[in-house]
Structure formats: structure tokens, C-alpha cells
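Shown here: protein29.txt, compact mmCIF, C-alpha atoms and all ligand atoms.
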```txt
# COMPACT_ATOMS: atom_id res chain seq x y z
CA MET A 892 0.00 0.00 0.00
CA SER A 893 1.44 3.34 -0.98
CA ASP A 894 1.67 6.04 1.64
CA THR A 895 0.05 8.55 -0.69
CA LEU A 896 -3.45 9.69 0.14
CA LEU A 897 -4.06 11.86 -2.89
CA GLU A 898 -2.07 11.82 -6.09
CA VAL A 899 -2.81 14.33 -8.82
CA LYS A 900 -1.03 13.62 -12.10
CA GLY A 901 -1.10 15.87 -15.14
CA LEU A 902 -4.38 17.53 -14.21
CA ALA A 903 -5.80 19.81 -16.89
CA THR A 904 -9.06 21.69 -16.48
CA GLU A 905 -10.65 23.60 -19.33
CA PHE A 906 -13.77 25.75 -19.43
CA LYS A 907 -16.09 26.34 -22.32
CA HIS A 908 -15.39 29.70 -23.89
CA GLY A 909 -18.03 30.93 -26.28
CA LYS A 910 -19.91 28.37 -28.37
CA LYS A 911 -17.10 26.12 -29.54
CA ASN A 912 -13.87 27.02 -27.81
CA TRP A 913 -12.33 25.72 -24.64
CA ILE A 914 -10.00 27.72 -22.48
CA SER A 915 -7.38 26.15 -20.23
CA ALA A 916 -7.45 27.24 -16.56
CA VAL A 917 -4.93 24.75 -15.19
CA SER A 918 -2.69 22.28 -16.96
CA ASP A 919 -0.02 19.75 -16.17
CA VAL A 920 -0.65 20.06 -12.45
CA SER A 921 0.86 17.22 -10.42
CA PHE A 922 1.27 16.86 -6.68
CA GLU A 923 0.69 14.53 -3.75
CA VAL A 924 -0.77 14.72 -0.29
CA ARG A 925 0.26 12.04 2.21
CA PRO A 926 -1.72 11.01 5.28
CA GLY A 927 -1.07 13.28 8.24
CA GLU A 928 0.60 16.11 6.37
CA ILE A 929 -0.52 19.65 5.66
CA VAL A 930 0.42 20.77 2.17
CA GLY A 931 0.14 24.45 1.30
CA LEU A 932 -1.08 25.55 -2.13
CA VAL A 933 -0.16 29.18 -2.77
CA GLY A 934 -0.17 31.70 -5.58
CA GLU A 935 -1.76 35.04 -6.44
CA SER A 936 -5.43 35.45 -7.17
CA GLY A 937 -6.45 33.72 -10.41
CA CYS A 938 -3.57 31.21 -10.48
CA GLY A 939 -5.88 28.19 -10.46
CA LYS A 940 -5.88 27.12 -6.81
CA SER A 941 -9.66 26.83 -6.49
CA VAL A 942 -10.04 25.33 -9.97
CA THR A 943 -7.55 22.63 -8.93
CA SER A 944 -9.32 21.82 -5.67
CA LEU A 945 -12.80 21.84 -7.22
CA SER A 946 -11.46 19.48 -9.91
CA VAL A 947 -10.29 17.04 -7.24
CA MET A 948 -13.78 17.17 -5.70
CA ARG A 949 -15.36 16.91 -9.17
CA LEU A 950 -17.44 19.97 -8.39
CA HIS A 951 -17.24 21.80 -11.69
CA ARG A 952 -20.24 21.99 -14.00
CA LYS A 953 -20.06 19.03 -16.34
CA ASP A 954 -21.46 20.70 -19.44
CA THR A 955 -18.96 23.56 -19.41
CA THR A 956 -15.88 21.85 -17.98
CA ARG A 957 -13.40 19.30 -19.31
CA ILE A 958 -11.05 17.62 -16.85
CA SER A 959 -8.23 15.26 -17.79
CA GLY A 960 -5.29 13.64 -16.06
CA ASP A 961 -5.35 11.32 -13.05
CA ILE A 962 -6.74 12.06 -9.62
CA ILE A 963 -6.06 9.07 -7.41
CA PHE A 964 -7.43 8.98 -3.88
CA GLU A 965 -6.48 5.95 -1.78
CA GLY A 966 -5.97 3.95 -4.96
CA LYS A 967 -9.29 5.02 -6.56
CA HIS A 968 -9.27 6.96 -9.81
CA LEU A 969 -11.76 9.68 -8.96
CA LEU A 970 -12.30 10.84 -12.55
CA GLU A 971 -13.47 7.35 -13.46
CA LEU A 972 -15.99 6.92 -10.63
CA SER A 973 -19.74 7.13 -11.18
CA ASP A 974 -21.45 10.24 -9.81
CA ARG A 975 -22.94 8.12 -7.08
CA ASP A 976 -19.61 6.66 -5.96
CA MET A 977 -18.04 10.11 -6.06
CA GLN A 978 -20.85 11.47 -3.93
CA ALA A 979 -20.21 8.82 -1.32
CA ILE A 980 -16.59 9.95 -1.07
CA ARG A 981 -17.37 13.65 -1.06
CA GLY A 982 -18.16 15.04 2.37
CA ASN A 983 -17.15 11.77 3.93
CA GLU A 984 -13.65 10.59 3.00
CA ILE A 985 -12.78 13.90 1.32
CA SER A 986 -14.22 17.12 2.72
CA MET A 987 -13.82 20.62 1.51
CA ILE A 988 -14.01 23.99 3.17
CA PHE A 989 -15.10 26.37 0.44
CA GLN A 990 -13.71 29.80 -0.23
CA GLU A 991 -17.24 31.27 -0.31
CA PRO A 992 -19.00 29.99 2.82
CA MET A 993 -22.34 31.58 1.99
CA SER A 994 -22.58 29.84 -1.36
CA ALA A 995 -21.95 26.45 0.23
CA LEU A 996 -24.59 26.73 2.94
CA ASP A 997 -28.26 26.27 2.12
CA PRO A 998 -29.99 29.60 2.93
CA ILE A 999 -33.36 28.04 3.74
CA MET A 1000 -32.15 25.31 6.06
CA ARG A 1001 -31.29 25.70 9.71
CA ILE A 1002 -27.60 25.14 10.57
CA GLY A 1003 -28.52 22.17 12.76
CA ASP A 1004 -30.41 20.46 9.93
CA GLN A 1005 -27.51 21.00 7.52
CA LEU A 1006 -25.01 19.55 9.95
CA ALA A 1007 -27.37 16.67 10.74
CA GLU A 1008 -27.87 15.97 7.04
CA ALA A 1009 -24.14 15.67 6.46
CA LEU A 1010 -23.66 13.49 9.53
CA THR A 1011 -26.64 11.21 8.85
CA LEU A 1012 -25.64 10.71 5.24
CA HIS A 1013 -22.16 9.52 6.07
CA THR A 1014 -22.38 7.95 9.53
CA ASP A 1015 -24.76 5.64 11.36
CA LEU A 1016 -25.12 7.83 14.43
CA SER A 1017 -28.52 7.98 16.16
CA LYS A 1018 -30.51 11.22 16.16
CA LYS A 1019 -29.35 12.00 19.69
CA GLU A 1020 -25.72 11.27 18.82
CA VAL A 1021 -25.96 13.46 15.70
CA HIS A 1022 -27.16 16.31 17.91
CA GLU A 1023 -24.37 15.77 20.42
CA ARG A 1024 -21.76 15.57 17.69
CA SER A 1025 -23.12 18.75 16.07
CA VAL A 1026 -22.84 20.66 19.35
CA GLU A 1027 -19.34 19.29 19.84
CA VAL A 1028 -18.03 20.29 16.39
CA LEU A 1029 -19.53 23.78 16.67
CA ARG A 1030 -17.86 24.20 20.04
CA GLN A 1031 -14.56 22.99 18.55
CA VAL A 1032 -14.59 25.78 15.98
CA GLY A 1033 -15.13 28.38 18.70
CA ILE A 1034 -18.89 28.96 18.39
CA PRO A 1035 -19.89 30.21 21.85
CA GLU A 1036 -23.53 29.05 21.98
CA PRO A 1037 -23.76 25.98 19.76
CA GLU A 1038 -27.29 25.01 20.83
CA MET A 1039 -28.58 28.38 19.67
CA THR A 1040 -26.53 28.40 16.47
CA LEU A 1041 -28.00 25.02 15.49
CA ARG A 1042 -31.41 26.69 15.38
CA ASN A 1043 -30.20 29.63 13.25
CA TYR A 1044 -30.45 30.10 9.49
CA PRO A 1045 -27.22 31.11 7.68
CA HIS A 1046 -28.42 34.72 7.12
CA GLU A 1047 -28.75 35.17 10.87
CA LEU A 1048 -25.02 34.61 11.31
CA SER A 1049 -22.05 36.81 10.40
CA GLY A 1050 -19.72 35.79 7.56
CA GLY A 1051 -17.10 34.66 10.07
CA MET A 1052 -19.65 32.51 11.92
CA CYS A 1053 -20.81 30.92 8.64
CA GLN A 1054 -17.20 30.15 7.81
CA ARG A 1055 -16.81 28.43 11.18
CA VAL A 1056 -19.98 26.42 10.57
CA MET A 1057 -18.56 25.35 7.18
CA ILE A 1058 -15.36 24.27 8.84
CA ALA A 1059 -17.32 22.36 11.48
CA MET A 1060 -19.32 20.60 8.72
CA ALA A 1061 -16.18 19.69 6.82
CA MET A 1062 -14.51 18.30 9.90
CA SER A 1063 -17.57 16.58 11.40
CA CYS A 1064 -17.13 13.32 9.50
CA GLU A 1065 -13.41 13.13 10.25
CA PRO A 1066 -12.39 12.95 6.60
CA ARG A 1067 -9.19 11.22 5.42
CA LEU A 1068 -8.46 14.26 3.25
CA LEU A 1069 -9.50 17.83 3.96
CA ILE A 1070 -9.25 20.48 1.27
CA ALA A 1071 -9.40 23.91 2.85
CA ASP A 1072 -9.72 26.77 0.38
CA GLU A 1073 -8.79 30.02 2.16
CA PRO A 1074 -10.45 28.73 5.34
CA THR A 1075 -9.44 31.60 7.58
CA THR A 1076 -9.21 34.62 5.31
CA ALA A 1077 -12.54 36.09 6.47
CA LEU A 1078 -11.83 35.52 10.14
CA ASP A 1079 -10.08 37.70 12.69
CA VAL A 1080 -6.64 36.65 13.89
CA THR A 1081 -7.74 35.03 17.15
CA ILE A 1082 -10.32 32.82 15.45
CA GLN A 1083 -7.86 32.16 12.63
CA ALA A 1084 -5.34 30.85 15.15
CA GLN A 1085 -8.03 28.66 16.76
CA ILE A 1086 -9.05 27.17 13.41
CA LEU A 1087 -5.47 26.46 12.40
CA ALA A 1088 -4.84 24.83 15.77
CA LEU A 1089 -7.96 22.72 15.24
CA MET A 1090 -6.74 21.61 11.81
CA GLU A 1091 -3.40 20.70 13.32
CA LYS A 1092 -5.26 18.69 15.98
CA ILE A 1093 -7.32 16.66 13.51
CA ARG A 1094 -4.19 16.09 11.45
CA ARG A 1095 -2.38 14.75 14.48
CA GLU A 1096 -5.23 12.73 15.96
CA ASN A 1097 -6.83 11.30 12.81
CA ASN A 1098 -3.82 11.32 10.48
CA THR A 1099 -5.87 13.49 8.10
CA GLY A 1100 -4.06 14.81 5.05
CA ILE A 1101 -4.80 18.49 4.48
CA LEU A 1102 -4.45 20.60 1.36
CA LEU A 1103 -4.43 24.16 2.62
CA ILE A 1104 -5.02 26.84 0.02
CA THR A 1105 -4.07 30.31 1.15
CA HIS A 1106 -2.66 33.67 0.16
CA ASP A 1107 -1.04 33.97 3.54
CA LEU A 1108 2.57 32.81 3.53
CA GLY A 1109 2.71 33.43 7.30
CA VAL A 1110 0.01 30.77 7.76
CA VAL A 1111 1.93 28.45 5.43
CA ALA A 1112 5.15 28.90 7.39
CA GLU A 1113 3.38 28.04 10.62
CA THR A 1114 1.22 25.11 9.56
CA CYS A 1115 2.45 23.37 6.41
CA SER A 1116 5.18 20.81 5.96
CA ARG A 1117 5.33 21.17 2.17
CA VAL A 1118 4.35 23.91 -0.22
CA ILE A 1119 3.18 23.94 -3.84
CA VAL A 1120 3.42 27.27 -5.66
CA MET A 1121 1.11 27.87 -8.62
CA TYR A 1122 1.37 30.52 -11.26
CA ALA A 1123 -1.01 31.01 -14.19
CA GLY A 1124 -2.43 27.49 -14.04
CA HIS A 1125 0.90 25.67 -13.58
CA VAL A 1126 2.88 24.42 -10.60
CA VAL A 1127 6.12 26.40 -10.67
CA GLU A 1128 7.79 25.21 -7.48
CA GLU A 1129 7.41 22.64 -4.75
CA ALA A 1130 9.54 22.10 -1.65
CA PRO A 1131 9.45 21.36 2.08
CA VAL A 1132 8.39 24.52 3.87
CA ASP A 1133 11.75 25.47 5.44
CA GLU A 1134 13.60 24.85 2.19
CA LEU A 1135 11.09 26.96 0.24
CA PHE A 1136 11.46 29.95 2.54
CA LYS A 1137 15.25 29.63 2.81
CA HIS A 1138 16.09 28.78 -0.79
CA PRO A 1139 13.23 29.74 -3.08
CA GLN A 1140 14.32 28.89 -6.61
CA HIS A 1141 11.61 30.18 -8.90
CA PRO A 1142 11.66 33.98 -9.36
CA TYR A 1143 7.88 33.99 -8.81
CA THR A 1144 8.25 32.31 -5.41
CA GLN A 1145 11.09 34.70 -4.58
CA GLY A 1146 8.77 37.61 -5.41
CA LEU A 1147 5.95 36.21 -3.26
CA ILE A 1148 8.27 35.75 -0.29
CA ALA A 1149 9.81 39.19 -0.72
CA SER A 1150 6.32 40.72 -0.56
CA VAL A 1151 5.65 39.38 2.93
CA PRO A 1152 6.11 42.04 5.61
CA ARG A 1153 8.49 40.96 8.32
CA LEU A 1154 7.92 41.83 11.92
CA GLY A 1155 9.31 45.27 12.67
CA GLU A 1156 9.63 46.11 9.00
CA ARG A 1157 6.11 47.38 8.54
CA LEU A 1158 7.16 50.79 7.36
CA ARG A 1159 9.44 49.53 4.64
CA ARG A 1160 7.81 49.67 1.23
CA LEU A 1161 7.24 46.11 0.12
CA PRO A 1162 8.65 45.03 -3.16
CA SER A 1163 5.63 43.57 -4.89
CA ILE A 1164 5.86 41.62 -8.14
CA PRO A 1165 5.29 44.08 -10.99
CA GLY A 1166 2.47 43.36 -13.46
CA SER A 1167 -0.37 40.89 -12.99
CA VAL A 1168 -1.40 37.29 -13.66
CA PRO A 1169 -2.03 36.89 -17.42
CA ASP A 1170 -5.53 36.46 -18.76
CA LEU A 1171 -6.53 32.86 -19.50
CA ALA A 1172 -7.33 33.83 -23.08
CA ALA A 1173 -3.92 35.43 -23.63
CA MET A 1174 -1.31 33.21 -22.01
CA PRO A 1175 2.21 34.23 -23.07
CA ASP A 1176 4.30 31.67 -24.95
CA GLY A 1177 7.18 29.99 -23.17
CA CYS A 1178 7.43 30.66 -19.45
CA ARG A 1179 4.18 32.29 -18.36
CA PHE A 1180 6.02 34.31 -15.73
CA ALA A 1181 8.59 35.71 -18.20
CA PRO A 1182 6.75 39.03 -18.85
CA ARG A 1183 7.01 39.84 -15.12
CA CYS A 1184 10.41 38.28 -14.45
CA ARG A 1185 13.52 40.39 -13.91
CA TYR A 1186 15.74 37.51 -15.09
CA ALA A 1187 13.82 36.60 -18.27
CA GLN A 1188 15.94 35.84 -21.34
CA GLU A 1189 14.94 35.30 -24.96
CA ARG A 1190 14.77 31.53 -24.47
CA CYS A 1191 12.34 31.97 -21.55
CA ARG A 1192 9.87 33.48 -24.01
CA CYS A 1193 9.92 30.56 -26.45
CA ASN A 1194 10.54 27.40 -24.39
CA ASP A 1195 7.97 25.78 -22.15
CA PRO A 1196 9.53 25.19 -18.73
CA VAL A 1197 9.07 21.85 -17.00
CA LEU A 1198 9.22 21.19 -13.30
CA HIS A 1199 12.60 19.64 -12.49
CA GLU A 1200 14.50 18.71 -9.37
CA VAL A 1201 16.87 21.42 -8.16
CA SER A 1202 17.80 19.59 -4.96
CA PRO A 1203 16.38 16.50 -3.25
CA ASP A 1204 12.63 16.95 -2.68
CA HIS A 1205 12.69 20.40 -4.26
CA THR A 1206 11.42 21.11 -7.77
CA SER A 1207 11.25 24.35 -9.74
CA ALA A 1208 10.12 25.24 -13.26
CA CYS A 1209 12.57 28.10 -13.93
CA LEU A 1210 14.49 27.55 -17.17
CA LEU A 1211 17.54 29.34 -15.78
CA SER A 1212 19.91 27.89 -13.22
CA GLU A 1213 20.61 29.75 -10.00
CA GLN A 1214 24.00 30.74 -11.40
CA GLU A 1215 22.49 32.05 -14.63
CA ARG A 1216 20.05 34.18 -12.65
CA GLU A 1217 22.91 35.57 -10.58
CA GLU A 1218 24.79 36.47 -13.74
CA VAL A 1219 21.73 38.28 -15.10
CA ALA A 1220 21.33 40.14 -11.79
CA HIS A 1221 24.93 41.33 -11.89
CA ALA A 1222 25.09 42.10 -15.61
N1 LIG A 1301 -16.23 28.19 -13.99
C1 LIG A 1301 -15.31 28.93 -14.61
N2 LIG A 1301 -15.44 29.28 -15.91
C2 LIG A 1301 -14.49 29.99 -16.54
N3 LIG A 1301 -13.35 30.42 -15.96
C3 LIG A 1301 -13.16 30.09 -14.68
C4 LIG A 1301 -14.13 29.35 -13.92
N4 LIG A 1301 -13.65 29.18 -12.65
C5 LIG A 1301 -12.46 29.82 -12.63
N5 LIG A 1301 -12.17 30.36 -13.81
C6 LIG A 1301 -10.95 31.10 -14.16
O1 LIG A 1301 -9.83 30.25 -13.87
C7 LIG A 1301 -8.75 31.01 -13.36
C8 LIG A 1301 -8.29 30.44 -12.06
O2 LIG A 1301 -9.31 30.69 -11.09
P1 LIG A 1301 -9.25 30.19 -9.60
O3 LIG A 1301 -10.57 30.49 -9.00
O4 LIG A 1301 -8.78 28.79 -9.53
O5 LIG A 1301 -8.13 31.15 -8.97
P2 LIG A 1301 -7.55 31.13 -7.49
O6 LIG A 1301 -6.11 30.80 -7.58
O7 LIG A 1301 -8.39 30.26 -6.64
O8 LIG A 1301 -7.70 32.67 -7.07
P3 LIG A 1301 -8.14 33.32 -5.67
O9 LIG A 1301 -6.90 33.39 -4.87
O10 LIG A 1301 -8.66 34.66 -6.04
O11 LIG A 1301 -9.18 32.46 -5.05
C9 LIG A 1301 -9.23 32.45 -13.26
O12 LIG A 1301 -8.79 33.13 -14.40
C10 LIG A 1301 -10.73 32.31 -13.26
O13 LIG A 1301 -11.35 33.45 -13.82
MG MG A 1302 -9.69 30.59 -5.10
```

When written as C-alpha cells, how does the structure in this file appear?
Ligand SMILES: Nc1ncnc2c1ncn2[C@@H]1O[C@H](COP(=O)(O)OP(=O)(O)OP(=O)(O)O)[C@@H](O)[C@H]1O
Ligand SMILES: [Mg+2]
Amino acid sequence: MSDTLLEVKGLATEFKHGKKNWISAVSDVSFEVRPGEIVGLVGESGCGKSVTSLSVMRLHRKDTTRISGDIIFEGKHLLELSDRDMQAIRGNEISMIFQEPMSALDPIMRIGDQLAEALTLHTDLSKKEVHERSVEVLRQVGIPEPEMTLRNYPHELSGGMCQRVMIAMAMSCEPRLLIADEPTTALDVTIQAQILALMEKIRRENNTGILLITHDLGVVAETCSRVIVMYAGHVVEEAPVDELFKHPQHPYTQGLIASVPRLGERLRRLPSIPGSVPDLAAMPDGCRFAPRCRYAQERCRCNDPVLHEVSPDHTSACLLSEQEREEVAHA
């Protein structure tokens, strides 16, 4: 038995564009999540993080989406499963915390009924046990009066409270794999710390593998053991967390890390990466980061980079070697 929980190989997701055309949102995306590890997935807005996670969950609209590649969860090829088999896995063995909590909660159902529905569908708990478990998970995510919250409708709660309910729902069935898409962005720092601590707890106690999608490199540094960096629909770098922060190899990763304010350096103007993520309909040839890269050479604009090992366990998709980049910097 392999020790991989989720293996994504050569994932490509395309969306229908106009009547006949398809547009590629992510391509050639490969990564793994092992049991009991938290893997960070980072990159600027529009890089394909949510598209990737929704593809793993098979939650894109079928008529306007084409997904190819392999998504293997505990030996099962998810893209080959029937809708019914996939539904049995979703919310049970694989759970997801969605980026938009309001869109994932049913507005006309009480919180308690939604939690109960998820728990009854995937467990054989009695009605009383479902209630007890619901109260327990709401308390775990820092909801002060769980009994009352169970009787509320989503619109009666703040955005932060809805997010916590979503997290409670995702964790209630003790999934093998948890995909958390910006789970704490809408929450204040104290709650954020509580939620991250809770994720760490379920990782430790249940050996849950977690794919944590976030903009926040501070959160990544504190919680993840490995990090995947995406840019314009591709993985551009992957490394253990310490290695990534100490020796980032891809100029995009270097730019992301340089943009993070360090303690005590708040007043310094942050060097942000110039330019913006390219439009899906107008992807540049060659390296997609080249138009924004201070090291870019002619060959970067015509050759497609591939992810390659730069040191053990560390891959990067920059076409230039570290030495070549240094030469460009000093030229
Ligand atoms: N259903 C869809 N149809 C067409 N294009 C889509 C669809 N969903 C996402 N996209 C496009 O795919 C690209 C990647 O989007 P995605 O939501 O994965 O970004 P992201 O990395 O999650 O960004 P953010 O950090 O803002 O959440 C974007 O250009 C987005 O507009
Ligand atoms: Mg997203």
C-alpha cells in the first residue's frame, strides 16, 4: 500500500469559452498529499488554486468543464468513478471547506439540519448522537452558543460565523483528506489561530491529510510541511516549507516571499511583483512568468519550462539555473 493519500497527475481543467472554444485554466498540475501532512497551495489570485481543488472534488459543472489527467485517492481513480460513488466519497472521505461559505450553505435550512444531514448521510449515528456531535463540532470551531446556532439560518449569522460552521461541517465526519480553500481569510486573527490549531489537531489525531489553500505565507510557514506554488495554471515550485522559505528557486516564489512584511519592517515599502497574472485567453508563450520576471531571457519566451529537481525533494520550473540568474542580476 502506498503512503500517498491523494495523487494528482497531469491535471488539466478547461472551461467552455463561447460556443465552440475551450480555455485552459490549469494544466499539467501534479502533486501529492500524504496522510497526516498539511500541504500548502499558494499563488496570487487567479492562479488556479480553487479550480484545482474543485477538480479534485469533481465539483465543476459538467457541461462547461473538461477535466483530464489522473486524480487518485487511496488507490481510486476519482475521474473514473460514477457520480454516485463520487458522492459517497465527497463530504465523507474527502471534505472541503469552500472559499465562499455563503454559497456552500443552504440559505433556507437551519444550521442544525444542515449539519445533521451531512452526519446522517455519512455515519450511522442515532438522532441523539448526531445532535451531540453537532454541538461538539460547533464548540470545537469556537462557536460560543452551539445550541442556539444550530437553530439559526445562515443569514442570521455573520460571515465569520458561517465560515466556522462550514469548517465544522467539513470536519464533522473526520475525513481522510481535507481540502481547505482560504479557510481563515474572512476571520479575525484570534479565530484564525483557533481554526489552524484545530486543523493541526485533527491532522495529528486522525492522520488526516490536508491541502491548505491560502494567500497567507505566514500561515503556510506556521502550519504546512510542504508547499506547492502555482502561477497562471501551472505548478512552478514545490519544496518542504523550510527549504522553500530559505532557498526559493523560482523567481515567482522569490517575489511572493519578498512581498511578505516581516515583523518590525512594517514601514518599509514592500517590493511587490510588478504586473499581474495573465488572462486565461492570452497566455504568453514559453514561461508564463517571463513578462514579469527580472531575469527573463529570450529563451524563456519561447521554451515551455518543466518542473525539475533542483535539490532533493525540491522542484522548480525556472528555465535558468541559480547561477544564470545571478549572472543576469549582476550584468
Ligand atoms: N467556472 C469557470 N469558468 C471559466 N473560468 C473560470 C471558472 N472558474 C475559474 N475560472 C478562471 O480560472 C482562473 C483560475 O481561477 P481560480 O478560482 O482557480 O483562482 P484562485 O487561484 O483560486 O484565485 P483566488 O486566490 O482569487 O481564489 C481564473 O482566471 C478564473 O477566472
Ligand atoms: Mg480561489

List as a list in words: which residues have an atom within 10 Å of (-10.3, 29.8, -6.9), counting only C-alpha atoms? Ser936, Gly937, Cys938, Gly939, Lys940, Ser941, Val942, Thr943, Ser944, Leu945, Phe989, Gln990, Glu991, Asp1072, Glu1073 and Ile1104 of chain A

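Proximity to ligand MG 1302 (chain A) was assessed for A:His1022, A:His1106, A:Arg949, A:Lys1137 counting all atoms listed in the file; the smallest distance is recorded for A:His1106.
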
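Taking only C-alpha atoms into account, Met1060 in chain A lies nearest to A:Gln1005 out of the set A:Gln1005, A:Thr1040, A:Ser915, A:Thr956.
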
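CA of Pro998 in chain A to CA of Ser1017 in chain A spans 25.4 Å [interatomic distance, one decimal].
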
Calculate how many Å separate CA of Ser1025 in chain A from CA of Ile988 in chain A, rounding to one decimal. 16.6 Å

Got a sec: who's within 12 Å of Glu1189 in chain A, counting only C-alpha atoms, leaving out chain neighbours fewer than 4 positions off, as a ChimeraX atom specification? /A:1176-1178,1181-1182,1184,1193-1194,1210-1211

When you count all atoms listed in the file, which of these residues is closest to ligand LIG 1301 (chain A): A:Thr895, A:Gln1031, A:Gln1085, A:Ser946?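 The shortest atom-to-atom distance to ligand LIG 1301 (chain A) comes from A:Ser946.
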
Which polymer residues have any atom within 9 Å of an atom of His1046 in chain A, counting all atoms listed in the file, with same-chain residues fewer than 3 positions away left out, as a ChimeraX atom specification? /A:993,998-999,1043,1049-1050,1053

Would you mind reading off the distance between CA of Leu1102 in chain A and CA of Ile1070 in chain A, one decimal, in Å? 4.8 Å

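The shortest atom-to-atom distance to ligand MG 1302 (chain A), with all atoms listed in the file taken into account, belongs to A:Glu935 out of A:Glu935, A:Glu965, A:Glu1047, A:Glu984.
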
Might you pull out every residue within 12 Å of Pro1175 in chain A, with only C-alpha atoms counted and same-chain residues fewer than 3 positions away left off, and present them as a list in words? Ala1123, Val1168, Pro1169, Asp1170, Leu1171, Ala1172, Cys1178, Arg1179, Phe1180, Ala1181, Pro1182, Arg1183, Cys1191, Arg1192, Cys1193, Asn1194 and Asp1195 of chain A

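Comparing A:Arg1001, A:Lys1092, A:His1205, A:Arg925 by their smallest distance to Ile1119 in chain A, the closest is A:His1205 (using only C-alpha atoms).
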
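Residues in contact range of Met987 in chain A, defined as at most 7 Å between all atoms listed in the file, with sequence neighbours fewer than 3 positions away removed, read Ala1061, Leu1069, Ile1070 and Ala1071 of chain A.
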
Dump C-alpha atoms for the selected residues as a PDB file, in the frame of the given file?
```
ATOM      1  CA  ALA A1061     -16.180  19.690   6.820  1.00  0.00           C
ATOM      2  CA  LEU A1069      -9.500  17.830   3.960  1.00  0.00           C
ATOM      3  CA  ILE A1070      -9.250  20.480   1.270  1.00  0.00           C
ATOM      4  CA  ALA A1071      -9.400  23.910   2.850  1.00  0.00           C
TER       5      ALA A1071
END
```

Where atoms are lacking, range 905-918 of chain A completed to N, CA and C atoms, as a short mmCIF file (atom, residue, chain, number, x, y, z; two decimals), in the coordinates of the input:
```cif
data_model
loop_
_atom_site.label_atom_id
_atom_site.label_comp_id
_atom_site.auth_asym_id
_atom_site.auth_seq_id
_atom_site.Cartn_x
_atom_site.Cartn_y
_atom_site.Cartn_z
N GLU A 905 -10.31 22.59 -18.31
CA GLU A 905 -10.65 23.60 -19.33
C GLU A 905 -12.11 23.99 -19.17
N PHE A 906 -12.39 25.26 -19.47
CA PHE A 906 -13.77 25.75 -19.43
C PHE A 906 -14.23 26.14 -20.82
N LYS A 907 -15.52 25.95 -21.04
CA LYS A 907 -16.09 26.34 -22.32
C LYS A 907 -16.01 27.86 -22.45
N HIS A 908 -15.59 28.27 -23.65
CA HIS A 908 -15.39 29.70 -23.89
C HIS A 908 -16.11 30.02 -25.19
N GLY A 909 -17.24 30.71 -25.08
CA GLY A 909 -18.03 30.93 -26.28
C GLY A 909 -18.71 29.64 -26.69
N LYS A 910 -19.13 29.55 -27.95
CA LYS A 910 -19.91 28.37 -28.37
C LYS A 910 -19.07 27.12 -28.55
N LYS A 911 -17.86 27.31 -29.15
CA LYS A 911 -17.10 26.12 -29.54
C LYS A 911 -15.75 25.98 -28.85
N ASN A 912 -15.25 27.06 -28.31
CA ASN A 912 -13.87 27.02 -27.81
C ASN A 912 -13.78 26.60 -26.35
N TRP A 913 -12.62 26.07 -26.03
CA TRP A 913 -12.33 25.72 -24.64
C TRP A 913 -11.10 26.51 -24.22
N ILE A 914 -11.10 26.92 -22.96
CA ILE A 914 -10.00 27.72 -22.48
C ILE A 914 -9.38 26.99 -21.28
N SER A 915 -8.05 26.93 -21.27
CA SER A 915 -7.38 26.15 -20.23
C SER A 915 -7.16 26.99 -18.97
N ALA A 916 -7.65 26.50 -17.83
CA ALA A 916 -7.45 27.24 -16.56
C ALA A 916 -6.27 26.68 -15.80
N VAL A 917 -6.14 25.36 -15.76
CA VAL A 917 -4.93 24.75 -15.19
C VAL A 917 -4.49 23.62 -16.11
N SER A 918 -3.18 23.41 -16.18
CA SER A 918 -2.69 22.28 -16.96
C SER A 918 -1.40 21.74 -16.38
#
```
